[in-house]
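**Q** A single structure is presented below for examination.
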Amino acid sequence: MLDACAELVDEVGYEGLTTTLLAERAEVAIGSVYQFFPDKRAIVQALTLRTMESYLQRLDERFASDDLTHWWDGVDAGIDEYISMHRTVPGFRTLHFGDVVDLHLLDEQRDNNGVIADQLARVLTERFGLADVPDLRFHLEIAVEVADALIKLAFRRKPDGDDRVLAEAKALIRDYLHRQVDFRGDAGHRPVVQPAKPADDQIVDATEPAAQPA
């Protein structure tokens with residue numbers, strides 16, 4: 001049923017999707033649909049969760065390879081897989097991670113892109129040893145929002161994605177995260193600048209009286 005749902009949302013959109021259409025495409029009785037899903041929102045939610053799991057699995061496979069030597073290679077891989085899913089995964093370019101249906105489809109407490117940012121933070125900290133701190137998640141959430149908007153623009157311009165827009169998206173995200181993350185000593189905090197140590201002849205013993213003028 002989820003495969004049938006993915007095909008249908010690409011054809012008729014979320015608004016045009018009905019449980020009756022789904023039952024016909026999946027070649028099941030309408031009662032079988034309601035046995036598992038109370039409404040079409042629940043069906044799309046299940047599809048979106050499956051899509052997110054697929055995306056994270058793709059990332060795990062890419063991150064396991066030896067060709068990713070720095071955290072920004074991981075960020076590029078994350079963007080590449082997101083673009084690839086727009087091109088190859090039925091239903092994804094219509095639903096993305098559920099924002100078309102509900103900004104909190106994946107989690108009642110966080111919006112969908114925030115959930116994706118959390119997952120990206122997890123794989124980046126596990127694979128590249130970045131400090132898992134609130135700043136990292138904040139900057140990744142900004143990056144996900146920007147990348148999401150630009151990638152959607154690319155696929156609005158051309159059915160297979162406008163390569164110029166996609167290249168700009170990757171360059172912009174890499175530059176932003178490089179400035180916000182890579183210069184930090186532990187990827188989470190700005191390096192602490194220690195005060196300069198005074199020269200030996202400038203050190204005054206506080207127990208000695210100050211010299212009096214002649």
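Labels used: A, B, ... for chains in the order of the structure tokens, numbers from 1 for residues in each chain, and numbers from 1 for ligands as shown.
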With the cut-off set at 10 Å and counting only C-alpha atoms, tabulate each residue of range 43-127 of chain A with an atom at most that distance from an atom of range 148-152 of chain A, showing the nearest atom pair and its distance in Å to one decimal, ordered by chain and increasing number, as a Markdown table.
**A**
| residue | atom | partner | partner_atom | distance |
| --- | --- | --- | --- | --- |
| A:Ile79 | CA | A:Ile151 | CA | 9.1 |
| A:Tyr82 | CA | A:Ile151 | CA | 8.7 |
| A:Ile83 | CA | A:Ile151 | CA | 7.2 |
| A:His86 | CA | A:Ile151 | CA | 9.0 |
| A:Arg93 | CA | A:Lys152 | CA | 8.1 |
| A:Thr94 | CA | A:Lys152 | CA | 9.8 |
| A:His96 | CA | A:Asp148 | CA | 9.0 |
| A:Asn113 | CA | A:Asp148 | CA | 8.5 |
**Q** Any idea what's packed within 12 Å of Glu61 in chain A, counting only C-alpha atoms, ignoring anything in its chain fewer than 5 positions away? Could you give it as a list in words?
**A** Ser54, Tyr55, Leu56, Asp66, Asp67, Leu68, Gly74, Ala77, Gly78, Glu81, Val123 and Arg127 of chain A
**Q** Just to be explicit: take each residue in the selection above, keep N, CA and C atoms, and write the result as a PDB file, in the first residue's frame.
**A**
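Output contents, as saved in part17.pdb:
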ATOM      1  N   SER A  54      15.001   5.237   4.882  1.00  0.00           N
ATOM      2  CA  SER A  54      15.775   4.959   3.682  1.00  0.00           C
ATOM      3  C   SER A  54      16.884   5.986   3.495  1.00  0.00           C
ATOM      4  N   TYR A  55      16.573   7.250   3.745  1.00  0.00           N
ATOM      5  CA  TYR A  55      17.578   8.312   3.616  1.00  0.00           C
ATOM      6  C   TYR A  55      18.722   8.095   4.601  1.00  0.00           C
ATOM      7  N   LEU A  56      18.395   7.780   5.839  1.00  0.00           N
ATOM      8  CA  LEU A  56      19.423   7.563   6.847  1.00  0.00           C
ATOM      9  C   LEU A  56      20.252   6.326   6.534  1.00  0.00           C
ATOM     10  N   ASP A  66      35.410   4.767   2.592  1.00  0.00           N
ATOM     11  CA  ASP A  66      36.662   5.410   2.979  1.00  0.00           C
ATOM     12  C   ASP A  66      36.922   6.715   2.230  1.00  0.00           C
ATOM     13  N   ASP A  67      36.054   7.061   1.257  1.00  0.00           N
ATOM     14  CA  ASP A  67      36.321   8.256   0.464  1.00  0.00           C
ATOM     15  C   ASP A  67      35.849   9.535   1.151  1.00  0.00           C
ATOM     16  N   LEU A  68      35.191   9.406   2.296  1.00  0.00           N
ATOM     17  CA  LEU A  68      34.773  10.580   3.058  1.00  0.00           C
ATOM     18  C   LEU A  68      35.795  10.817   4.172  1.00  0.00           C
ATOM     19  N   GLY A  74      30.904  14.534   4.367  1.00  0.00           N
ATOM     20  CA  GLY A  74      29.654  13.960   4.845  1.00  0.00           C
ATOM     21  C   GLY A  74      28.461  14.846   4.530  1.00  0.00           C
ATOM     22  N   ALA A  77      27.680  14.484   0.938  1.00  0.00           N
ATOM     23  CA  ALA A  77      27.005  13.204   0.727  1.00  0.00           C
ATOM     24  C   ALA A  77      25.537  13.305   1.113  1.00  0.00           C
ATOM     25  N   GLY A  78      25.259  14.005   2.214  1.00  0.00           N
ATOM     26  CA  GLY A  78      23.878  14.177   2.639  1.00  0.00           C
ATOM     27  C   GLY A  78      23.050  14.927   1.605  1.00  0.00           C
ATOM     28  N   GLU A  81      22.539  12.650  -1.579  1.00  0.00           N
ATOM     29  CA  GLU A  81      21.502  11.624  -1.398  1.00  0.00           C
ATOM     30  C   GLU A  81      20.110  12.244  -1.422  1.00  0.00           C
ATOM     31  N   VAL A 123      24.804  11.303  12.742  1.00  0.00           N
ATOM     32  CA  VAL A 123      25.740  10.581  11.888  1.00  0.00           C
ATOM     33  C   VAL A 123      27.062  11.339  11.745  1.00  0.00           C
ATOM     34  N   ARG A 127      30.513   9.622  12.881  1.00  0.00           N
ATOM     35  CA  ARG A 127      31.483   9.311  11.827  1.00  0.00           C
ATOM     36  C   ARG A 127      32.729  10.187  11.888  1.00  0.00           C
TER      37      ARG A 127
END
**Q** Considering only C-alpha atoms, return as a VMD selection string whatever protein or nucleic-acid residues lie within 6 Å of range 13-30 of chain A, sequence-local ones (same chain, fewer than 4 positions apart) excluded.
**A** chain A and resid 1 4 9
**Q** Tell me which of A:Leu8, A:Asp175, A:Phe155, A:Pro38 sits closest to Pro90 in chain A, counting only C-alpha atoms.
**A**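 When distances to Pro90 in chain A are compared using only C-alpha atoms, the smallest one comes from A:Leu8.
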**Q** When distances are computed from only C-alpha atoms, which of A:Val44, A:Ala143, A:Ala171, A:Leu105 shows the smallest separation from Cys5 in chain A?
**A**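 So, comparing all the options, the nearest one is A:Val44.
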**Q** Between A:Leu140, A:Leu49, A:Leu124, A:Val89, which is the closest to Leu177 in chain A once you count only C-alpha atoms?
**A** A:Leu140
**Q** Using only C-alpha atoms, which residue out of A:Val12, A:Leu95, A:Val75, A:Ala117 lies closest to Lys170 in chain A?
**A** A:Val75
**Q** Could you pull out the alpha helix (DSSP H) residues of range 28-141 of chain A, going by DSSP on the backbone, and write them as a ChimeraX atom specification?
**A** /A:30-36,40-63,71-88,92-95,112-128,134-141
**Q** Quote the spacing between CA of Arg179 in chain A and CA of Asp99 in chain A in Å to one decimal place.
**A**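 Atom-to-atom, CA of Arg179 in chain A to CA of Asp99 in chain A, that is 28.5 Å.
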**Q** Pick out the closest residue to Met52 in chain A from this set: A:Val165, A:Val115, A:Val146, A:Ala64. Count only C-alpha atoms.
**A**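 Nearest to Met52 in chain A: A:Val115.
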**Q** Smallest atom-to-atom distance to Asp10 in chain A: which of A:Arg110, A:His70, A:Arg87, A:Arg62, using only C-alpha atoms?
**A**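 Nearest to Asp10 in chain A: A:Arg87.
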